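Okay, entry-v8.txt now, which holds compact mmCIF, C-alpha atoms:
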# COMPACT_ATOMS: atom_id res chain seq x y z
CA MET A 1 -0.74 13.83 -0.25
CA ASP A 2 0.20 10.26 -0.94
CA SER A 3 3.38 10.27 1.13
CA PHE A 4 1.30 11.24 4.18
CA ALA A 5 -1.13 8.48 3.35
CA ALA A 6 1.73 6.03 3.02
CA LEU A 7 2.95 7.10 6.45
CA ALA A 8 -0.53 6.59 7.84
CA LEU A 9 -0.63 3.06 6.49
CA ALA A 10 2.65 2.30 8.24
CA THR A 11 1.26 3.18 11.68
CA GLU A 12 -0.74 -0.03 11.99
CA MET A 13 -0.05 -1.87 15.25
CA PRO A 14 0.53 -5.64 15.49
CA THR A 15 -2.35 -7.84 16.56
CA LYS A 16 -2.53 -11.29 18.11
CA GLU A 17 -4.07 -12.67 14.92
CA LEU A 18 -0.74 -12.22 13.17
CA LEU A 19 0.59 -15.16 15.17
CA ASN A 20 -1.96 -17.57 13.70
CA ARG A 21 -0.57 -17.14 10.25
CA PRO A 22 1.87 -19.58 8.65
CA PRO A 23 5.33 -18.13 8.23
CA GLN A 24 6.34 -16.21 5.14
CA ASN A 25 8.71 -17.85 2.73
CA ARG A 26 11.99 -16.08 2.25
CA ASN A 27 11.57 -16.11 -1.52
CA ASP A 28 8.00 -14.80 -1.59
CA TYR A 29 7.31 -11.67 -3.56
CA ILE A 30 6.52 -8.65 -1.41
CA VAL A 31 3.69 -7.81 -3.80
CA SER A 32 1.40 -10.81 -3.47
CA ARG A 33 -1.10 -12.02 -6.05
CA LYS A 34 -3.99 -10.63 -4.03
CA MET A 35 -2.34 -7.23 -3.94
CA VAL A 36 -1.85 -7.24 -7.69
CA LYS A 37 -5.52 -8.13 -8.06
CA HIS A 38 -6.53 -5.29 -5.72
CA VAL A 39 -4.28 -2.76 -7.39
CA LEU A 40 -5.35 -3.59 -10.92
CA GLY A 41 -9.03 -3.85 -10.01
CA LYS A 42 -9.05 -0.50 -8.26
CA ALA A 43 -6.98 1.09 -11.00
CA ILE A 44 -9.38 -0.04 -13.71
CA TRP A 45 -12.41 1.17 -11.74
CA MET A 46 -10.88 4.57 -10.97
CA ALA A 47 -9.57 5.06 -14.47
CA ALA A 48 -13.01 4.23 -15.87
CA CYS A 49 -14.68 6.79 -13.57
CA LEU A 50 -12.14 9.45 -14.45
CA PHE A 51 -12.39 8.78 -18.18
CA VAL A 52 -16.16 9.06 -18.10
CA CYS A 53 -15.78 12.49 -16.50
CA MET A 54 -12.95 13.45 -18.79
CA PHE A 55 -14.68 12.66 -22.06
CA ALA A 56 -18.32 13.20 -21.18
CA GLY A 57 -17.96 15.65 -18.31
CA GLU A 58 -19.23 18.64 -20.26
CA TYR A 59 -22.66 17.03 -20.32
CA PHE A 60 -23.18 16.60 -16.58
CA ILE A 61 -20.60 18.50 -14.51
CA VAL A 62 -22.48 21.37 -12.95
CA GLU A 63 -21.25 24.82 -13.82
CA PRO A 64 -22.37 27.63 -11.55
CA VAL A 65 -23.61 29.86 -14.32
CA GLU A 66 -24.97 28.43 -17.54
CA LYS A 67 -23.39 31.04 -19.80
CA TRP A 68 -19.91 30.13 -18.55
CA ARG A 69 -20.22 26.79 -20.25
CA TYR A 70 -19.86 28.09 -23.74
CA GLY A 71 -18.79 31.36 -25.25
CA ARG A 72 -17.91 33.50 -22.35
CA ASP A 73 -15.71 36.64 -22.30
CA SER A 74 -13.52 35.98 -19.29
CA ASN A 75 -10.63 33.68 -19.93
CA TYR A 76 -9.92 32.83 -16.32
CA VAL A 77 -11.91 29.64 -15.95
CA PHE A 78 -13.13 27.74 -18.93
CA PRO A 79 -14.83 24.41 -18.71
CA GLY A 80 -13.87 21.25 -20.44
CA ARG A 81 -11.29 19.96 -22.80
CA MET A 82 -10.04 21.95 -25.72
CA TYR A 83 -11.22 19.51 -28.34
CA THR A 84 -14.31 17.42 -28.87
CA ARG A 85 -13.96 13.75 -29.52
CA GLY A 86 -14.11 14.46 -33.21
CA GLY A 87 -11.07 16.74 -32.98
CA GLN A 88 -13.08 19.93 -33.39
CA PRO A 89 -11.86 22.68 -31.08
CA LEU A 90 -14.27 23.25 -28.23
CA TYR A 91 -12.92 26.45 -26.80
CA ILE A 92 -10.65 28.10 -29.29
CA VAL A 93 -10.63 31.49 -27.58
CA HIS A 94 -9.35 30.29 -24.27
CA GLU A 95 -7.01 27.52 -25.19
CA LYS A 96 -3.79 29.44 -24.51
CA ASP A 97 -4.24 30.55 -20.94
CA GLY A 98 -6.64 30.37 -18.06
CA ALA A 99 -7.55 27.42 -15.92
CA SER A 100 -9.86 24.58 -16.76
CA ARG A 101 -12.69 23.91 -14.35
CA HIS A 102 -13.17 20.56 -15.99
CA MET A 103 -9.63 19.49 -15.25
CA THR A 104 -9.92 20.78 -11.70
CA PHE A 105 -12.95 18.56 -11.34
CA ILE A 106 -11.05 15.55 -12.64
CA PHE A 107 -8.02 16.24 -10.48
CA THR A 108 -10.10 16.65 -7.34
CA MET A 109 -12.03 13.51 -8.19
CA PHE A 110 -8.74 11.64 -8.50
CA VAL A 111 -7.48 12.96 -5.18
CA VAL A 112 -10.70 12.20 -3.32
CA MET A 113 -10.76 8.69 -4.74
CA GLN A 114 -7.22 8.15 -3.54
CA ILE A 115 -7.98 9.56 -0.09
CA PHE A 116 -10.81 7.10 0.38
CA ASN A 117 -8.64 4.42 -1.14
CA MET A 118 -6.61 4.62 2.10
CA PHE A 119 -9.22 2.49 3.86
CA PRO A 120 -9.28 -0.46 1.46
CA ALA A 121 -5.49 -0.26 1.19
CA ARG A 122 -5.25 -1.25 4.86
CA LYS A 123 -6.48 -4.74 4.01
CA ILE A 124 -4.15 -6.88 1.97
CA ARG A 125 -5.72 -10.32 2.37
CA ASP A 126 -9.23 -9.98 0.93
CA GLU A 127 -10.84 -9.19 4.28
CA LEU A 128 -14.44 -8.11 3.91
CA ASN A 129 -14.57 -5.50 6.67
CA ILE A 130 -12.19 -2.77 5.58
CA PHE A 131 -12.83 -0.69 8.70
CA GLU A 132 -11.81 -3.41 11.14
CA GLY A 133 -9.49 -2.16 13.89
CA LEU A 134 -9.74 1.41 12.66
CA HIS A 135 -10.79 2.75 16.05
CA LYS A 136 -7.52 1.53 17.58
CA ASN A 137 -5.41 3.42 15.11
CA TYR A 138 -5.72 7.08 16.06
CA MET A 139 -2.70 8.11 14.01
CA PHE A 140 -4.30 6.76 10.83
CA LEU A 141 -7.53 8.67 11.45
CA LEU A 142 -5.62 11.83 12.34
CA ILE A 143 -3.61 11.72 9.12
CA PHE A 144 -6.74 10.93 7.14
CA LEU A 145 -8.48 14.01 8.54
CA LEU A 146 -5.36 16.08 7.95
CA ILE A 147 -5.17 15.10 4.28
CA ALA A 148 -8.89 15.49 3.70
CA GLY A 149 -8.91 18.89 5.39
CA GLY A 150 -5.84 20.03 3.51
CA GLN A 151 -7.40 18.99 0.23
CA ILE A 152 -10.61 20.88 1.00
CA VAL A 153 -8.57 23.99 1.81
CA LEU A 154 -6.54 23.62 -1.38
CA THR A 155 -9.49 23.28 -3.69
CA MET B 1 10.99 -35.85 10.78
CA PRO B 2 7.72 -33.87 11.00
CA THR B 3 6.61 -36.00 13.96
CA PHE B 4 9.67 -35.06 16.05
CA LYS B 5 8.85 -33.38 19.34
CA VAL B 6 12.06 -33.63 21.37
CA MET B 7 15.57 -34.59 20.46
CA ALA B 8 17.70 -35.17 23.55
CA ARG B 9 21.48 -35.37 23.97
CA ALA B 10 21.97 -33.79 20.58
CA ARG B 11 25.44 -33.13 19.31
CA PRO B 12 26.16 -29.98 17.28
CA GLU B 13 26.04 -32.07 14.09
CA ASP B 14 22.62 -33.41 15.03
CA LYS B 15 21.25 -29.91 15.54
CA TYR B 16 22.73 -28.79 12.26
CA LEU B 17 21.28 -31.84 10.48
CA LEU B 18 17.83 -31.27 12.02
CA VAL B 19 17.76 -27.68 10.79
CA THR B 20 19.02 -28.63 7.34
CA GLY B 21 16.48 -31.45 7.04
CA LEU B 22 13.59 -29.21 8.09
CA LYS B 23 14.66 -26.58 5.58
CA ASN B 24 14.80 -29.25 2.87
CA LEU B 25 11.17 -30.08 3.73
CA ASN B 26 10.31 -26.42 3.01
CA TYR B 27 9.79 -25.45 6.62
CA THR B 28 10.79 -22.02 7.87
CA VAL B 29 13.13 -22.70 10.77
CA ALA B 30 13.98 -20.55 13.77
CA VAL B 31 16.65 -21.71 16.22
CA THR B 32 17.38 -20.47 19.71
CA GLY B 33 20.59 -21.27 21.50
CA ASP B 34 23.19 -19.93 23.86
CA GLY B 35 26.15 -22.27 23.72
CA THR B 36 29.03 -22.73 21.34
CA ASN B 37 27.57 -26.02 20.14
CA ASP B 38 24.45 -24.25 18.87
CA ALA B 39 26.37 -21.97 16.53
CA PRO B 40 26.20 -24.14 13.35
CA ALA B 41 22.43 -24.61 13.76
CA LEU B 42 21.94 -20.89 14.46
CA LYS B 43 23.84 -20.04 11.31
CA GLN B 44 21.99 -22.57 9.17
CA ALA B 45 18.47 -21.60 10.31
CA ASP B 46 16.32 -18.99 8.59
CA VAL B 47 16.33 -16.96 11.81
CA GLY B 48 18.74 -17.61 14.67
CA PHE B 49 18.00 -16.23 18.12
CA ALA B 50 20.86 -16.11 20.63
CA MET B 51 20.77 -15.14 24.26
CA GLY B 52 22.25 -11.71 24.83
CA ILE B 53 23.19 -12.04 28.51
CA THR B 54 24.02 -15.68 29.12
CA GLY B 55 24.94 -16.60 25.55
CA THR B 56 28.49 -17.28 24.48
CA ASP B 57 30.26 -14.99 22.04
CA VAL B 58 30.27 -17.68 19.37
CA ALA B 59 26.51 -18.06 19.51
CA GLN B 60 26.04 -14.31 19.48
CA GLU B 61 28.24 -14.03 16.41
CA ALA B 62 26.32 -16.74 14.56
CA CYS B 63 22.83 -15.50 15.35
CA ASP B 64 20.57 -13.12 13.41
CA ILE B 65 18.69 -11.68 16.39
CA LEU B 66 19.98 -11.19 19.93
CA LEU B 67 17.48 -11.57 22.79
CA THR B 68 18.87 -8.87 25.03
CA ASP B 69 16.52 -9.78 27.90
CA ASP B 70 17.07 -13.57 27.63
CA ASN B 71 13.29 -14.00 27.55
CA PHE B 72 11.71 -16.59 25.27
CA SER B 73 8.48 -14.62 24.91
CA SER B 74 10.51 -11.97 23.10
CA ILE B 75 10.72 -14.42 20.19
CA VAL B 76 6.95 -14.31 19.84
CA LYS B 77 7.05 -10.52 20.03
CA ALA B 78 9.77 -10.38 17.39
CA CYS B 79 7.71 -12.64 15.13
CA MET B 80 4.64 -10.46 15.61
CA TRP B 81 6.45 -7.22 14.87
CA GLY B 82 8.23 -8.70 11.90
CA ARG B 83 4.97 -9.80 10.31
CA ASN B 84 3.40 -6.47 11.17
CA ILE B 85 6.16 -4.53 9.45
CA PHE B 86 5.93 -6.80 6.42
CA ASP B 87 2.16 -6.21 6.33
CA ASN B 88 2.63 -2.47 6.63
CA ILE B 89 5.06 -2.45 3.73
CA GLN B 90 2.50 -4.39 1.70
CA ARG B 91 -0.24 -1.94 2.67
CA PHE B 92 1.90 1.01 1.70
CA LEU B 93 2.84 -0.62 -1.60
CA GLN B 94 -0.76 -1.50 -2.38
CA PHE B 95 -1.85 2.11 -1.85
CA GLN B 96 1.09 3.69 -3.65
CA LEU B 97 0.85 1.33 -6.63
CA THR B 98 -2.85 2.08 -7.01
CA VAL B 99 -2.19 5.83 -6.98
CA ASN B 100 0.63 5.58 -9.48
CA VAL B 101 -1.05 3.12 -11.83
CA VAL B 102 -4.19 5.26 -12.04
CA ALA B 103 -2.20 8.46 -12.54
CA LEU B 104 -0.15 6.77 -15.24
CA ILE B 105 -3.18 5.48 -17.14
CA ILE B 106 -4.96 8.82 -16.93
CA VAL B 107 -1.97 10.88 -17.97
CA ILE B 108 -0.89 8.68 -20.88
CA ILE B 109 -4.31 8.03 -22.41
CA GLY B 110 -5.69 11.43 -21.48
CA ALA B 111 -2.79 13.34 -22.92
CA SER B 112 -2.70 11.36 -26.13
CA ILE B 113 -6.43 11.76 -26.79
CA THR B 114 -7.26 15.25 -25.50
CA LYS B 115 -3.92 16.87 -26.46
CA SER B 116 -3.88 18.62 -23.08
CA THR B 117 -2.64 17.57 -19.68
CA PRO B 118 -5.19 15.92 -17.46
CA LEU B 119 -4.55 15.89 -13.70
CA GLN B 120 -3.48 19.48 -13.53
CA ALA B 121 -4.46 21.06 -10.26
CA ILE B 122 -5.94 24.28 -11.63

Mind turning this structure into structure tokens?
Amino acid sequence: MDSFAALALATEMPTKELLNRPPQNRNDYIVSRKMVKHVLGKAIWMAACLFVCMFAGEYFIVEPVEKWRYGRDSNYVFPGRMYTRGGQPLYIVHEKDGASRHMTFIFTMFVVMQIFNMFPARKIRDELNIFEGLHKNYMFLLIFLLIAGGQIVLT
Amino acid sequence: MPTFKVMARARPEDKYLLVTGLKNLNYTVAVTGDGTNDAPALKQADVGFAMGITGTDVAQEACDILLTDDNFSSIVKACMWGRNIFDNIQRFLQFQLTVNVVALIIVIIGASITKSTPLQAI
């Protein structure tokens, strides 16, 4: 998923505005201060979202059937973590095998966040309009649709 | 030095000195040349462009980039593409670092608190 996205980000074409910029120093870091700011800011925001869903998800993630939330017979899909925050086991019966719907939710949330992170990642200099020049870059849009479609098929 | 526009009848040493002086003033210097007398300046500059068709072998040896079509506008194009590639690498790094930093935070903190693996696909 992310190697395709990385490829998509490398398909950007040069623009005339590039020529108005002062030259780059030979000793400059390739990861600039603004990039570090972007990366850390986005990382903190995403991690916060994911943690909220990870530790409080059992209260608001919708389960298709109410009885599947707690105490069900099937051990194929069980929701949530295995332990509460207090260390009490939440789902003793199913902790050995079966898949966790809760973790699927978190994983998909992570992936979707990263897919849409492709758009802000195109701008490295604090530009306000993150969609600028997007219509000229068909390859980027194609790869975006490919990844998004693939992810929908997978989950 | 920063007010210089044209330096005429320059000897090879003068060209070399001009490039060295500009670099000492923290400028990024590109030099174009075709003749043997340009070679020291080409070598000293941050980027040296030499003519691919009319240029002498010495200049072509000393340069960093050969203009195979002998066209000065190719320098602008080279500059544009160079910056574009640098930008693309930065874009790629920005995206990839975000992905990896988030995954790292989630996996480390998640695994140590919930005693199970977060970010599993099923």

Which chain A residues are at most 7 Å from chain B (counting all atoms listed in the file), as a ChimeraX atom specification? /A:6,9-10,12,14,18-19,23,25,30-31,35,39,42-43,46-47,81,83,99-100,103-104,106-107,114,118,121-124

Skip stretch 50-59 of chain B itself and residues of its chain fewer than 5 positions away, then list as a PyMOL selection string all residues within 6 Å of it, counting all atoms listed in the file. chain B and resi 32-36+39+66-68+70

Record the distance separating atom CA of B:Gly21 and atom CA of B:Lys5, expressed in Å with one decimal. 14.6 Å

Rounded to one decimal, what separation in Å do you get between atom CA of B:Leu25 and atom CA of B:Pro40? 18.8 Å

Please indicate the distance in Å from atom CA of A:Phe140 to atom CA of A:Thr11, rounded to one decimal place.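 Separation between atom CA of A:Phe140 and atom CA of A:Thr11: 6.7 Å.
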
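Here the question is which of B:Ala111, B:Ala78, B:Ala10, B:Leu42 gets nearest to B:Glu61 using only C-alpha atoms, and that residue is B:Leu42.
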
Might I get the box with edges along x, y and z of the file that holds all atoms of stretch 92-106 of chain B listed there, padded by 4 Å on every side, given as centre and edge lengths in Å to one decimal, as lines of an AutoDock Vina configuration file?
center_x = -1.1
center_y = 3.7
center_z = -7.7
size_x = 15.8
size_y = 18.3
size_z = 26.8

At a cut-off of 12 Å from (0.2, 11.2, 6.3) in the coordinates of the file, what residues are picked up using all atoms listed in the file, written as a PyMOL selection string? (chain A and resi 1-11+115+118+139-150) or (chain B and resi 92)

Counting all atoms listed in the file, the option among A:Leu154, A:Pro22, A:His38, A:Cys49 closest to A:Asp126: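 That would be A:His38, the residue with the smallest distance to A:Asp126.
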
Using only C-alpha atoms, find the one residue out of B:Tyr16, B:Gln60, B:Leu22, B:Thr3 that sits nearest to B:Ala41.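 With only C-alpha atoms as the atom set, the closest residue is B:Tyr16.
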
For stretch 67-88 of chain B, supply N, CA and C atoms and format the output as a PDB file, in the coordinates of the input.
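Contents of out-v3.pdb, freshly written:
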ATOM      1  N   LEU B  67      18.507 -11.830  21.780  1.00  0.00           N
ATOM      2  CA  LEU B  67      17.480 -11.570  22.790  1.00  0.00           C
ATOM      3  C   LEU B  67      18.157 -10.895  23.964  1.00  0.00           C
ATOM      4  N   THR B  68      18.094  -9.579  24.014  1.00  0.00           N
ATOM      5  CA  THR B  68      18.870  -8.870  25.030  1.00  0.00           C
ATOM      6  C   THR B  68      18.339  -9.098  26.431  1.00  0.00           C
ATOM      7  N   ASP B  69      17.049  -9.534  26.553  1.00  0.00           N
ATOM      8  CA  ASP B  69      16.520  -9.780  27.900  1.00  0.00           C
ATOM      9  C   ASP B  69      16.478 -11.261  28.251  1.00  0.00           C
ATOM     10  N   ASP B  70      17.039 -12.116  27.388  1.00  0.00           N
ATOM     11  CA  ASP B  70      17.070 -13.570  27.630  1.00  0.00           C
ATOM     12  C   ASP B  70      15.682 -14.157  27.865  1.00  0.00           C
ATOM     13  N   ASN B  71      14.653 -13.577  27.270  1.00  0.00           N
ATOM     14  CA  ASN B  71      13.290 -14.000  27.550  1.00  0.00           C
ATOM     15  C   ASN B  71      12.703 -14.648  26.295  1.00  0.00           C
ATOM     16  N   PHE B  72      12.196 -15.879  26.453  1.00  0.00           N
ATOM     17  CA  PHE B  72      11.710 -16.590  25.270  1.00  0.00           C
ATOM     18  C   PHE B  72      10.482 -15.938  24.655  1.00  0.00           C
ATOM     19  N   SER B  73       9.691 -15.243  25.469  1.00  0.00           N
ATOM     20  CA  SER B  73       8.480 -14.620  24.910  1.00  0.00           C
ATOM     21  C   SER B  73       8.851 -13.478  23.971  1.00  0.00           C
ATOM     22  N   SER B  74      10.075 -13.006  24.043  1.00  0.00           N
ATOM     23  CA  SER B  74      10.510 -11.970  23.100  1.00  0.00           C
ATOM     24  C   SER B  74      10.533 -12.503  21.673  1.00  0.00           C
ATOM     25  N   ILE B  75      10.713 -13.832  21.538  1.00  0.00           N
ATOM     26  CA  ILE B  75      10.720 -14.420  20.190  1.00  0.00           C
ATOM     27  C   ILE B  75       9.350 -14.222  19.547  1.00  0.00           C
ATOM     28  N   VAL B  76       8.306 -14.486  20.348  1.00  0.00           N
ATOM     29  CA  VAL B  76       6.950 -14.310  19.840  1.00  0.00           C
ATOM     30  C   VAL B  76       6.727 -12.860  19.445  1.00  0.00           C
ATOM     31  N   LYS B  77       7.221 -11.942  20.304  1.00  0.00           N
ATOM     32  CA  LYS B  77       7.050 -10.520  20.030  1.00  0.00           C
ATOM     33  C   LYS B  77       7.789 -10.138  18.746  1.00  0.00           C
ATOM     34  N   ALA B  78       8.995 -10.679  18.596  1.00  0.00           N
ATOM     35  CA  ALA B  78       9.770 -10.380  17.390  1.00  0.00           C
ATOM     36  C   ALA B  78       9.036 -10.861  16.151  1.00  0.00           C
ATOM     37  N   CYS B  79       8.464 -12.067  16.254  1.00  0.00           N
ATOM     38  CA  CYS B  79       7.710 -12.640  15.130  1.00  0.00           C
ATOM     39  C   CYS B  79       6.531 -11.753  14.773  1.00  0.00           C
ATOM     40  N   MET B  80       5.826 -11.290  15.833  1.00  0.00           N
ATOM     41  CA  MET B  80       4.640 -10.460  15.610  1.00  0.00           C
ATOM     42  C   MET B  80       5.014  -9.152  14.934  1.00  0.00           C
ATOM     43  N   TRP B  81       6.047  -8.504  15.450  1.00  0.00           N
ATOM     44  CA  TRP B  81       6.450  -7.220  14.870  1.00  0.00           C
ATOM     45  C   TRP B  81       6.972  -7.387  13.457  1.00  0.00           C
ATOM     46  N   GLY B  82       7.702  -8.466  13.243  1.00  0.00           N
ATOM     47  CA  GLY B  82       8.230  -8.700  11.900  1.00  0.00           C
ATOM     48  C   GLY B  82       7.113  -8.824  10.888  1.00  0.00           C
ATOM     49  N   ARG B  83       6.101  -9.631  11.231  1.00  0.00           N
ATOM     50  CA  ARG B  83       4.970  -9.800  10.310  1.00  0.00           C
ATOM     51  C   ARG B  83       4.211  -8.497  10.143  1.00  0.00           C
ATOM     52  N   ASN B  84       4.121  -7.740  11.234  1.00  0.00           N
ATOM     53  CA  ASN B  84       3.400  -6.470  11.170  1.00  0.00           C
ATOM     54  C   ASN B  84       4.108  -5.503  10.228  1.00  0.00           C
ATOM     55  N   ILE B  85       5.422  -5.452  10.324  1.00  0.00           N
ATOM     56  CA  ILE B  85       6.160  -4.530   9.450  1.00  0.00           C
ATOM     57  C   ILE B  85       6.033  -4.978   8.000  1.00  0.00           C
ATOM     58  N   PHE B  86       6.115  -6.290   7.785  1.00  0.00           N
ATOM     59  CA  PHE B  86       5.930  -6.800   6.420  1.00  0.00           C
ATOM     60  C   PHE B  86       4.564  -6.414   5.882  1.00  0.00           C
ATOM     61  N   ASP B  87       3.524  -6.581   6.730  1.00  0.00           N
ATOM     62  CA  ASP B  87       2.160  -6.210   6.330  1.00  0.00           C
ATOM     63  C   ASP B  87       2.072  -4.734   6.003  1.00  0.00           C
ATOM     64  N   ASN B  88       2.713  -3.906   6.853  1.00  0.00           N
ATOM     65  CA  ASN B  88       2.630  -2.470   6.630  1.00  0.00           C
ATOM     66  C   ASN B  88       3.291  -2.068   5.322  1.00  0.00           C
TER      67      ASN B  88
END
